[in-house]
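S.K.: Sharing entry.pdb below, PDB, C-alpha atoms, pLDDT in the B column:
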```
ATOM      1  CA  MET M 382      10.017  -2.206   1.735  1.00 86.00           C
ATOM      2  CA  ILE M 383       6.849  -2.924  -0.221  1.00 90.00           C
ATOM      3  CA  ILE M 384       6.675  -1.097  -3.546  1.00 93.00           C
ATOM      4  CA  VAL M 385       3.184  -0.942  -5.061  1.00 94.00           C
ATOM      5  CA  ILE M 386       3.198  -0.116  -8.782  1.00 95.00           C
ATOM      6  CA  ASP M 387       0.299   1.146 -10.885  1.00 93.00           C
ATOM      7  CA  ALA M 388       1.427  -1.021 -13.810  1.00 89.00           C
ATOM      8  CA  TYR M 389      -0.231   0.461 -16.885  1.00 87.00           C
ATOM      9  CA  ASN M 390       0.328   3.992 -15.563  1.00 87.00           C
ATOM     10  CA  MET M 391       4.038   3.243 -15.412  1.00 88.00           C
ATOM     11  CA  LEU M 392       4.206   1.361 -18.712  1.00 85.00           C
ATOM     12  CA  ARG M 393       2.417   4.130 -20.587  1.00 82.00           C
ATOM     13  CA  SER M 394       4.624   6.862 -19.155  1.00 79.00           C
ATOM     14  CA  VAL M 395       7.925   5.408 -20.354  1.00 76.00           C
ATOM     15  CA  PRO M 396       9.061   5.053 -23.962  1.00 69.00           C
ATOM     16  CA  PRO M 397       8.547   3.171 -26.255  1.00 64.00           C
ATOM     17  CA  HIS M 398       5.195   2.100 -24.847  1.00 57.00           C
ATOM     18  CA  GLY M 399       2.064   3.806 -26.047  1.00 60.00           C
ATOM     19  CA  ARG M 400      -1.605   3.260 -25.453  1.00 65.00           C
ATOM     20  CA  LYS M 401      -1.444  -0.454 -26.174  1.00 73.00           C
ATOM     21  CA  VAL M 402       1.095  -2.591 -24.323  1.00 73.00           C
ATOM     22  CA  THR M 403       2.000  -5.922 -25.893  1.00 77.00           C
ATOM     23  CA  GLU M 404       2.461  -9.155 -23.980  1.00 80.00           C
ATOM     24  CA  SER M 405       6.215  -9.176 -24.696  1.00 82.00           C
ATOM     25  CA  GLU M 406       6.553  -5.592 -23.385  1.00 82.00           C
ATOM     26  CA  ARG M 407       4.672  -6.593 -20.233  1.00 82.00           C
ATOM     27  CA  LYS M 408       6.985  -9.604 -19.710  1.00 87.00           C
ATOM     28  CA  GLN M 409      10.090  -7.453 -20.266  1.00 87.00           C
ATOM     29  CA  PHE M 410       8.722  -4.939 -17.746  1.00 87.00           C
ATOM     30  CA  LEU M 411       8.171  -7.686 -15.158  1.00 90.00           C
ATOM     31  CA  ASN M 412      11.673  -9.072 -15.796  1.00 90.00           C
ATOM     32  CA  GLN M 413      13.198  -5.626 -15.154  1.00 90.00           C
ATOM     33  CA  LEU M 414      11.211  -5.290 -11.927  1.00 92.00           C
ATOM     34  CA  ALA M 415      12.244  -8.793 -10.834  1.00 91.00           C
ATOM     35  CA  CYS M 416      15.911  -7.881 -11.362  1.00 91.00           C
ATOM     36  CA  TYR M 417      15.428  -4.655  -9.408  1.00 90.00           C
ATOM     37  CA  ALA M 418      13.611  -6.428  -6.541  1.00 91.00           C
ATOM     38  CA  GLN M 419      16.299  -9.086  -6.292  1.00 89.00           C
ATOM     39  CA  LYS M 420      19.175  -6.589  -6.224  1.00 89.00           C
ATOM     40  CA  LYS M 421      17.506  -4.184  -3.789  1.00 87.00           C
ATOM     41  CA  GLY M 422      15.689  -6.708  -1.578  1.00 88.00           C
ATOM     42  CA  HIS M 423      12.240  -5.126  -1.916  1.00 89.00           C
ATOM     43  CA  LYS M 424       8.845  -6.745  -2.261  1.00 93.00           C
ATOM     44  CA  ILE M 425       7.180  -5.481  -5.438  1.00 94.00           C
ATOM     45  CA  VAL M 426       3.433  -5.619  -6.043  1.00 94.00           C
ATOM     46  CA  VAL M 427       2.458  -4.734  -9.622  1.00 94.00           C
ATOM     47  CA  VAL M 428      -1.242  -4.058 -10.215  1.00 93.00           C
ATOM     48  CA  PHE M 429      -2.717  -4.299 -13.733  1.00 90.00           C
ATOM     49  CA  ASP M 430      -6.219  -3.299 -14.786  1.00 85.00           C
ATOM     50  CA  ALA M 431      -8.686  -6.045 -15.746  1.00 80.00           C
ATOM     51  CA  GLY M 432      -7.166  -9.413 -16.582  1.00 73.00           C
ATOM     52  CA  PRO M 433      -8.555 -12.759 -17.678  1.00 70.00           C
ATOM     53  CA  TYR M 434     -10.801 -13.257 -14.633  1.00 74.00           C
ATOM     54  CA  GLU M 435     -13.892 -11.677 -13.175  1.00 76.00           C
ATOM     55  CA  TRP M 436     -12.342 -11.081  -9.739  1.00 78.00           C
ATOM     56  CA  PRO M 437      -8.812 -10.044  -8.732  1.00 80.00           C
ATOM     57  CA  GLN M 438      -6.203 -12.633  -9.671  1.00 83.00           C
ATOM     58  CA  LYS M 439      -2.814 -12.790  -7.945  1.00 89.00           C
ATOM     59  CA  GLU M 440       0.290 -14.433  -9.369  1.00 88.00           C
ATOM     60  CA  ARG M 441       3.971 -14.488  -8.579  1.00 89.00           C
ATOM     61  CA  TYR M 442       6.297 -13.945 -11.508  1.00 83.00           C
ATOM     62  CA  LYS M 443      10.034 -14.292 -10.737  1.00 86.00           C
ATOM     63  CA  GLY M 444       9.515 -12.944  -7.232  1.00 84.00           C
ATOM     64  CA  VAL M 445       7.282 -10.051  -8.311  1.00 91.00           C
ATOM     65  CA  TYR M 446       3.691 -10.206  -7.120  1.00 93.00           C
ATOM     66  CA  THR M 447       1.382  -9.406 -10.026  1.00 91.00           C
ATOM     67  CA  VAL M 448      -2.263  -8.602  -9.503  1.00 90.00           C
ATOM     68  CA  TYR M 449      -4.948  -8.311 -12.188  1.00 90.00           C
ATOM     69  CA  SER M 450      -7.821  -6.271 -10.758  1.00 86.00           C
ATOM     70  CA  GLY M 451     -10.546  -8.233 -12.545  1.00 81.00           C
ATOM     71  CA  VAL M 452     -13.616  -7.008 -14.393  1.00 80.00           C
ATOM     72  CA  HIS M 453     -15.409  -5.488 -11.388  1.00 81.00           C
ATOM     73  CA  ALA M 454     -12.640  -3.176 -10.147  1.00 85.00           C
ATOM     74  CA  SER M 455      -9.908  -1.000 -11.577  1.00 88.00           C
ATOM     75  CA  ALA M 456      -6.242  -1.182 -10.652  1.00 90.00           C
ATOM     76  CA  ASP M 457      -6.725   2.146  -8.844  1.00 91.00           C
ATOM     77  CA  ASP M 458      -9.473   0.640  -6.669  1.00 91.00           C
ATOM     78  CA  TYR M 459      -7.319  -2.352  -5.806  1.00 92.00           C
ATOM     79  CA  ILE M 460      -4.303  -0.152  -5.025  1.00 93.00           C
ATOM     80  CA  LYS M 461      -6.346   2.126  -2.754  1.00 94.00           C
ATOM     81  CA  GLU M 462      -7.608  -0.867  -0.784  1.00 94.00           C
ATOM     82  CA  TYR M 463      -4.111  -2.388  -0.621  1.00 94.00           C
ATOM     83  CA  LEU M 464      -2.572   0.862   0.620  1.00 94.00           C
ATOM     84  CA  GLU M 465      -5.225   1.264   3.282  1.00 94.00           C
ATOM     85  CA  THR M 466      -4.746  -2.312   4.469  1.00 93.00           C
ATOM     86  CA  HIS M 467      -0.932  -2.071   4.584  1.00 92.00           C
ATOM     87  CA  ARG M 468      -0.507   1.573   5.606  1.00 86.00           C
ATOM     88  CA  ALA M 469       1.314   0.725   8.846  1.00 87.00           C
ATOM     89  CA  ARG M 470       4.094  -1.048   6.935  1.00 88.00           C
ATOM     90  CA  ASP M 471       7.107   0.360   5.118  1.00 85.00           C
ATOM     91  CA  ILE M 472       5.425   1.009   1.767  1.00 88.00           C
ATOM     92  CA  LEU M 473       5.879   3.173  -1.334  1.00 90.00           C
ATOM     93  CA  LEU M 474       3.455   3.914  -4.172  1.00 92.00           C
ATOM     94  CA  VAL M 475       4.705   4.208  -7.746  1.00 93.00           C
ATOM     95  CA  SER M 476       2.215   6.110  -9.884  1.00 91.00           C
ATOM     96  CA  SER M 477       1.788   9.381 -11.714  1.00 89.00           C
ATOM     97  CA  ASP M 478      -1.993   9.238 -11.236  1.00 91.00           C
ATOM     98  CA  HIS M 479      -2.969  12.368  -9.295  1.00 91.00           C
ATOM     99  CA  GLU M 480      -5.947  10.745  -7.562  1.00 93.00           C
ATOM    100  CA  LEU M 481      -3.873   7.784  -6.362  1.00 93.00           C
ATOM    101  CA  THR M 482      -0.993   9.927  -5.123  1.00 90.00           C
ATOM    102  CA  MET M 483      -3.442  12.144  -3.209  1.00 92.00           C
ATOM    103  CA  TRP M 484      -5.001   9.012  -1.657  1.00 93.00           C
ATOM    104  CA  ALA M 485      -1.564   7.794  -0.584  1.00 89.00           C
ATOM    105  CA  GLU M 486      -0.724  11.214   0.831  1.00 88.00           C
ATOM    106  CA  GLN M 487      -3.873  11.129   2.992  1.00 91.00           C
ATOM    107  CA  LEU M 488      -2.638   7.790   4.383  1.00 91.00           C
ATOM    108  CA  ASP M 489       0.869   9.237   4.997  1.00 86.00           C
ATOM    109  CA  ILE M 490       2.318   6.904   2.372  1.00 88.00           C
ATOM    110  CA  PRO M 491       5.016   8.404   0.157  1.00 88.00           C
ATOM    111  CA  SER M 492       4.771   8.106  -3.613  1.00 86.00           C
ATOM    112  CA  ILE M 493       7.096   8.545  -6.569  1.00 86.00           C
ATOM    113  CA  GLY M 494       6.233   9.292 -10.176  1.00 87.00           C
ATOM    114  CA  ALA M 495       6.252   6.374 -12.593  1.00 88.00           C
ATOM    115  CA  PHE M 496       8.899   7.829 -14.899  1.00 87.00           C
ATOM    116  CA  HIS M 497      11.296   8.629 -12.030  1.00 86.00           C
ATOM    117  CA  PHE M 498      10.959   5.137 -10.572  1.00 88.00           C
ATOM    118  CA  TYR M 499      11.518   3.603 -14.010  1.00 87.00           C
ATOM    119  CA  GLN M 500      14.788   5.552 -14.241  1.00 86.00           C
ATOM    120  CA  LEU M 501      15.874   4.010 -10.925  1.00 84.00           C
ATOM    121  CA  VAL M 502      15.008   0.544 -12.231  1.00 86.00           C
ATOM    122  CA  GLN M 503      17.020   1.229 -15.384  1.00 84.00           C
ATOM    123  CA  GLU M 504      20.062   2.387 -13.357  1.00 83.00           C
ATOM    124  CA  VAL M 505      20.109  -0.829 -11.335  1.00 80.00           C
ATOM    125  CA  GLY M 506      19.856  -2.926 -14.488  1.00 72.00           C
ATOM    126  CA  LYS M 507      22.783  -1.284 -16.311  1.00 68.00           C
ATOM    127  CA  PRO M 508      25.624  -3.687 -17.069  1.00 60.00           C
ATOM    128  CA  GLY M 509      29.119  -2.919 -15.898  1.00 50.00           C
ATOM    129  CA  ILE M 510      28.207  -1.866 -12.378  1.00 45.00           C
ATOM    130  CA  GLN M 511      30.278  -3.540  -9.704  1.00 45.00           C
ATOM    131  CA  GLU M 512      28.482  -4.838  -6.673  1.00 45.00           C
ATOM    132  CA  LYS M 513      30.167  -5.178  -3.310  1.00 43.00           C
ATOM    133  CA  ARG M 514      29.346  -8.238  -1.238  1.00 44.00           C
ATOM    134  CA  GLY M 515      31.172  -8.217   2.033  1.00 45.00           C
ATOM    135  CA  SER M 516      34.777  -7.388   1.275  1.00 43.00           C
ATOM    136  CA  GLU M 517      34.735  -9.031  -2.130  1.00 48.00           C
ATOM    137  CA  ILE M 518      34.172  -7.074  -5.356  1.00 49.00           C
ATOM    138  CA  ILE M 519      32.466  -8.973  -8.125  1.00 51.00           C
ATOM    139  CA  LYS M 520      32.940  -7.796 -11.700  1.00 52.00           C
ATOM    140  CA  MET M 521      29.768  -7.596 -13.721  1.00 50.00           C
ATOM    141  CA  THR M 522      31.462  -7.213 -17.121  1.00 51.00           C
ATOM    142  CA  LYS M 523      34.184  -9.134 -18.873  1.00 54.00           C
ATOM    143  CA  ASN M 524      37.427  -7.240 -19.359  1.00 53.00           C
ATOM    144  CA  LYS M 525      39.938  -8.764 -21.744  1.00 52.00           C
ATOM    145  CA  SER M 526      42.876  -7.087 -20.033  1.00 55.00           C
ATOM    146  CA  ASP M 527      43.432  -7.778 -16.353  1.00 61.00           C
ATOM    147  CA  GLU M 528      46.402  -5.400 -16.326  1.00 62.00           C
ATOM    148  CA  VAL M 529      44.406  -2.587 -14.672  1.00 61.00           C
ATOM    149  CA  ASP M 530      43.154  -4.937 -11.968  1.00 63.00           C
ATOM    150  CA  LEU M 531      46.687  -6.140 -11.283  1.00 63.00           C
ATOM    151  CA  LEU M 532      48.009  -2.571 -11.025  1.00 61.00           C
ATOM    152  CA  MET M 533      45.198  -1.587  -8.647  1.00 62.00           C
ATOM    153  CA  ARG M 534      45.878  -4.575  -6.397  1.00 62.00           C
ATOM    154  CA  GLU M 535      49.607  -3.797  -6.263  1.00 61.00           C
ATOM    155  CA  ALA M 536      49.012  -0.103  -5.544  1.00 59.00           C
ATOM    156  CA  SER M 537      46.625  -0.868  -2.699  1.00 56.00           C
ATOM    157  CA  ARG M 538      49.270  -2.956  -0.894  1.00 58.00           C
ATOM    158  CA  VAL M 539      51.473   0.058  -0.266  1.00 57.00           C
ATOM    159  CA  VAL M 540      49.483   2.832   1.355  1.00 57.00           C
ATOM    160  CA  PRO M 541      51.528   5.917   2.286  1.00 57.00           C
ATOM    161  CA  ILE M 542      51.447   7.033   5.914  1.00 56.00           C
ATOM    162  CA  LYS M 543      50.349  10.614   6.436  1.00 54.00           C
ATOM    163  CA  SER M 544      51.964  12.818   9.068  1.00 52.00           C
ATOM    164  CA  ASP M 545      48.568  13.206  10.769  1.00 51.00           C
ATOM    165  CA  ASP M 546      48.552   9.463  11.424  1.00 49.00           C
ATOM    166  CA  LEU M 547      51.817   9.725  13.379  1.00 49.00           C
ATOM    167  CA  LEU M 548      50.708  12.438  15.825  1.00 49.00           C
ATOM    168  CA  VAL M 549      50.480  11.167  19.369  1.00 49.00           C
ATOM    169  CA  SER M 550      47.222  12.060  21.024  1.00 46.00           C
ATOM    170  CA  LYS M 551      47.250  13.792  24.391  1.00 50.00           C
ATOM    171  CA  GLN M 552      46.888  11.562  27.372  1.00 54.00           C
ATOM    172  CA  PRO M 553      43.646  12.203  29.170  1.00 54.00           C
ATOM    173  CA  SER M 554      43.993  13.795  32.566  1.00 57.00           C
ATOM    174  CA  THR M 555      43.499  11.591  35.577  1.00 60.00           C
ATOM    175  CA  LYS M 556      41.054  14.027  37.177  1.00 66.00           C
ATOM    176  CA  LYS M 557      37.433  13.013  36.810  1.00 70.00           C
ATOM    177  CA  LYS M 558      35.144  15.704  35.575  1.00 78.00           C
ATOM    178  CA  LYS M 559      31.909  16.157  37.503  1.00 82.00           C
ATOM    179  CA  PRO M 560      28.818  15.872  35.246  1.00 78.00           C
ATOM    180  CA  THR M 561      26.809  19.021  34.718  1.00 74.00           C
ATOM    181  CA  LYS M 562      23.266  19.382  36.033  1.00 53.00           C
ATOM    182  CA  LYS M 563      21.895  18.814  32.525  1.00 42.00           C
ATOM    183  CA  GLU M 564      23.919  15.596  32.148  1.00 59.00           C
ATOM    184  CA  ARG M 565      22.790  14.335  35.574  1.00 55.00           C
ATOM    185  CA  THR M 566      19.145  14.963  34.685  1.00 39.00           C
ATOM    186  CA  LEU M 567      19.582  13.100  31.396  1.00 36.00           C
ATOM    187  CA  LEU M 568      21.236  10.155  33.175  1.00 45.00           C
ATOM    188  CA  LYS M 569      18.296   9.914  35.611  1.00 41.00           C
ATOM    189  CA  LYS M 570      15.834   9.819  32.697  1.00 34.00           C
ATOM    190  CA  LEU M 571      17.860   7.178  30.889  1.00 35.00           C
ATOM    191  CA  LYS M 572      17.929   4.969  33.975  1.00 39.00           C
ATOM    192  CA  LYS M 573      14.116   5.042  34.072  1.00 34.00           C
ATOM    193  CA  LEU M 574      13.878   3.705  30.545  1.00 28.00           C
TER
END
```
Could you show the structure in this file as structure tokens?

M.R.:
Amino acid sequence: MIIVIDAYNMLRSVPPHGRKVTESERKQFLNQLACYAQKKGHKIVVVFDAGPYEWPQKERYKGVYTVYSGVHASADDYIKEYLETHRARDILLVSSDHELTMWAEQLDIPSIGAFHFYQLVQEVGKPGIQEKRGSEIIKMTKNKSDEVDLLMREASRVVPIKSDDLLVSKQPSTKKKKPTKKERTLLKKLKKL
């Protein structure tokens, strides 16, 4: 999925940021988004107002696509154009700007408020969460005592058998059931596909 973020709208709606966002806060924000994108497998496009150039400037920072709208356009203008261009794709807008969310709604593109999305980003970045890759569980925190892990492994080796597991299912009858008219009609339609 492509996630398009109205950057300053999001930064200003989450604490401790205020009206002015420092360079270190912006870098920390991009690092959090990069971590989120990597863990979730999404493409993230972050759009900032203005920037050092006259025209839109695109960069890639740790897998996150950052766009500075330039002097001649606002981030909102760039986002509207981007949404219209990519509206047929799997895309989500992150902004609390009413005008932008209404624009996305007209294009049938879902949107989420900046603060709510930031909470999701924070949840993914919390330490101590175990991720499952295949059948292997990878610990994300260091635990000094492996006693709990050892007990869990031992307990999982002996799984009690429930009485429901021992019930013998009925043998199906050897008579073939004739399909109903509705089922025959459905089968004819499926064969045409």

S.K.: Let me know the residues the PyMOL selection byres ((chain M and resi 505) around 10) catches in the file above, as a ChimeraX atom specification.

M.R.: /M:413-414,416-418,420-421,500-504,506-508,510

S.K.: Would you save the residues from that selection as a short mmCIF file (atom, residue, chain, number, x, y, z; two decimals), keeping the file's coordinate frame, using C-alpha atoms?

M.R.:
```cif
data_model
loop_
_atom_site.label_atom_id
_atom_site.label_comp_id
_atom_site.auth_asym_id
_atom_site.auth_seq_id
_atom_site.Cartn_x
_atom_site.Cartn_y
_atom_site.Cartn_z
CA GLN M 413 13.20 -5.63 -15.15
CA LEU M 414 11.21 -5.29 -11.93
CA CYS M 416 15.91 -7.88 -11.36
CA TYR M 417 15.43 -4.66 -9.41
CA ALA M 418 13.61 -6.43 -6.54
CA LYS M 420 19.18 -6.59 -6.22
CA LYS M 421 17.51 -4.18 -3.79
CA GLN M 500 14.79 5.55 -14.24
CA LEU M 501 15.87 4.01 -10.92
CA VAL M 502 15.01 0.54 -12.23
CA GLN M 503 17.02 1.23 -15.38
CA GLU M 504 20.06 2.39 -13.36
CA GLY M 506 19.86 -2.93 -14.49
CA LYS M 507 22.78 -1.28 -16.31
CA PRO M 508 25.62 -3.69 -17.07
CA ILE M 510 28.21 -1.87 -12.38
#
```

S.K.: Any chance you could work out the residue set of the PyMOL selection byres ((chain M and resi 464-468) around 10) here, as a ChimeraX atom specification?

M.R.: /M:383,385,459-463,469-474,481,484-485,487-490

S.K.: Report the residues retrieved by the PyMOL selection byres ((chain M and resi 410) around 12) from the displayed file, expressed as a short mmCIF file (atom, residue, chain, number, x, y, z; two decimals) with C-alpha atoms, keeping the file's coordinate frame.

M.R.:
```
data_model
loop_
_atom_site.label_atom_id
_atom_site.label_comp_id
_atom_site.auth_asym_id
_atom_site.auth_seq_id
_atom_site.Cartn_x
_atom_site.Cartn_y
_atom_site.Cartn_z
CA ILE M 386 3.20 -0.12 -8.78
CA ALA M 388 1.43 -1.02 -13.81
CA TYR M 389 -0.23 0.46 -16.89
CA MET M 391 4.04 3.24 -15.41
CA LEU M 392 4.21 1.36 -18.71
CA ARG M 393 2.42 4.13 -20.59
CA VAL M 395 7.92 5.41 -20.35
CA PRO M 396 9.06 5.05 -23.96
CA PRO M 397 8.55 3.17 -26.26
CA HIS M 398 5.20 2.10 -24.85
CA VAL M 402 1.10 -2.59 -24.32
CA THR M 403 2.00 -5.92 -25.89
CA GLU M 404 2.46 -9.15 -23.98
CA SER M 405 6.22 -9.18 -24.70
CA GLU M 406 6.55 -5.59 -23.38
CA ARG M 407 4.67 -6.59 -20.23
CA LYS M 408 6.98 -9.60 -19.71
CA GLN M 409 10.09 -7.45 -20.27
CA LEU M 411 8.17 -7.69 -15.16
CA ASN M 412 11.67 -9.07 -15.80
CA GLN M 413 13.20 -5.63 -15.15
CA LEU M 414 11.21 -5.29 -11.93
CA ALA M 415 12.24 -8.79 -10.83
CA CYS M 416 15.91 -7.88 -11.36
CA TYR M 417 15.43 -4.66 -9.41
CA VAL M 427 2.46 -4.73 -9.62
CA TYR M 442 6.30 -13.94 -11.51
CA LYS M 443 10.03 -14.29 -10.74
CA VAL M 445 7.28 -10.05 -8.31
CA THR M 447 1.38 -9.41 -10.03
CA TYR M 499 11.52 3.60 -14.01
CA VAL M 502 15.01 0.54 -12.23
CA GLN M 503 17.02 1.23 -15.38
CA GLY M 506 19.86 -2.93 -14.49
#
```

S.K.: Write out as AutoDock Vina command-line options an axis-aligned box for range 443-459 of chain M: all of its atoms listed in the file, 6 Å added on each side, centre and edge lengths in Å with one decimal.

M.R.:
```
--center_x -2.7 --center_y -6.1 --center_z -10.1 --size_x 37.4 --size_y 28.4 --size_z 20.6
```

S.K.: CA of Gly494 in chain M to CA of His453 in chain M: how many Å, to one decimal?

M.R.: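 Spanning CA of Gly494 in chain M to CA of His453 in chain M is a straight-line distance of 26.2 Å.
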
S.K.: Quick one, how far is CA of Glu435 in chain M from CA of His479 in chain M?

M.R.: 26.7 Å

S.K.: For Ser476 in chain M, which residue among M:Pro437, M:Thr561, M:Gly444, M:Ser394 is the nearest when counting only C-alpha atoms?

M.R.: M:Ser394

S.K.: Figure out the distance between CA of Met483 in chain M and CA of Asp458 in chain M, please, to one decimal in Å.

M.R.: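 CA of Met483 in chain M lies 13.4 Å from CA of Asp458 in chain M.
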
S.K.: Using all atoms listed in the file for the distances, tell me which of M:Glu440, M:Lys557, M:Asp387, M:Asp430 is nearest to Asp478 in chain M.

M.R.: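 Smallest separation from Asp478 in chain M among the options: M:Asp387.
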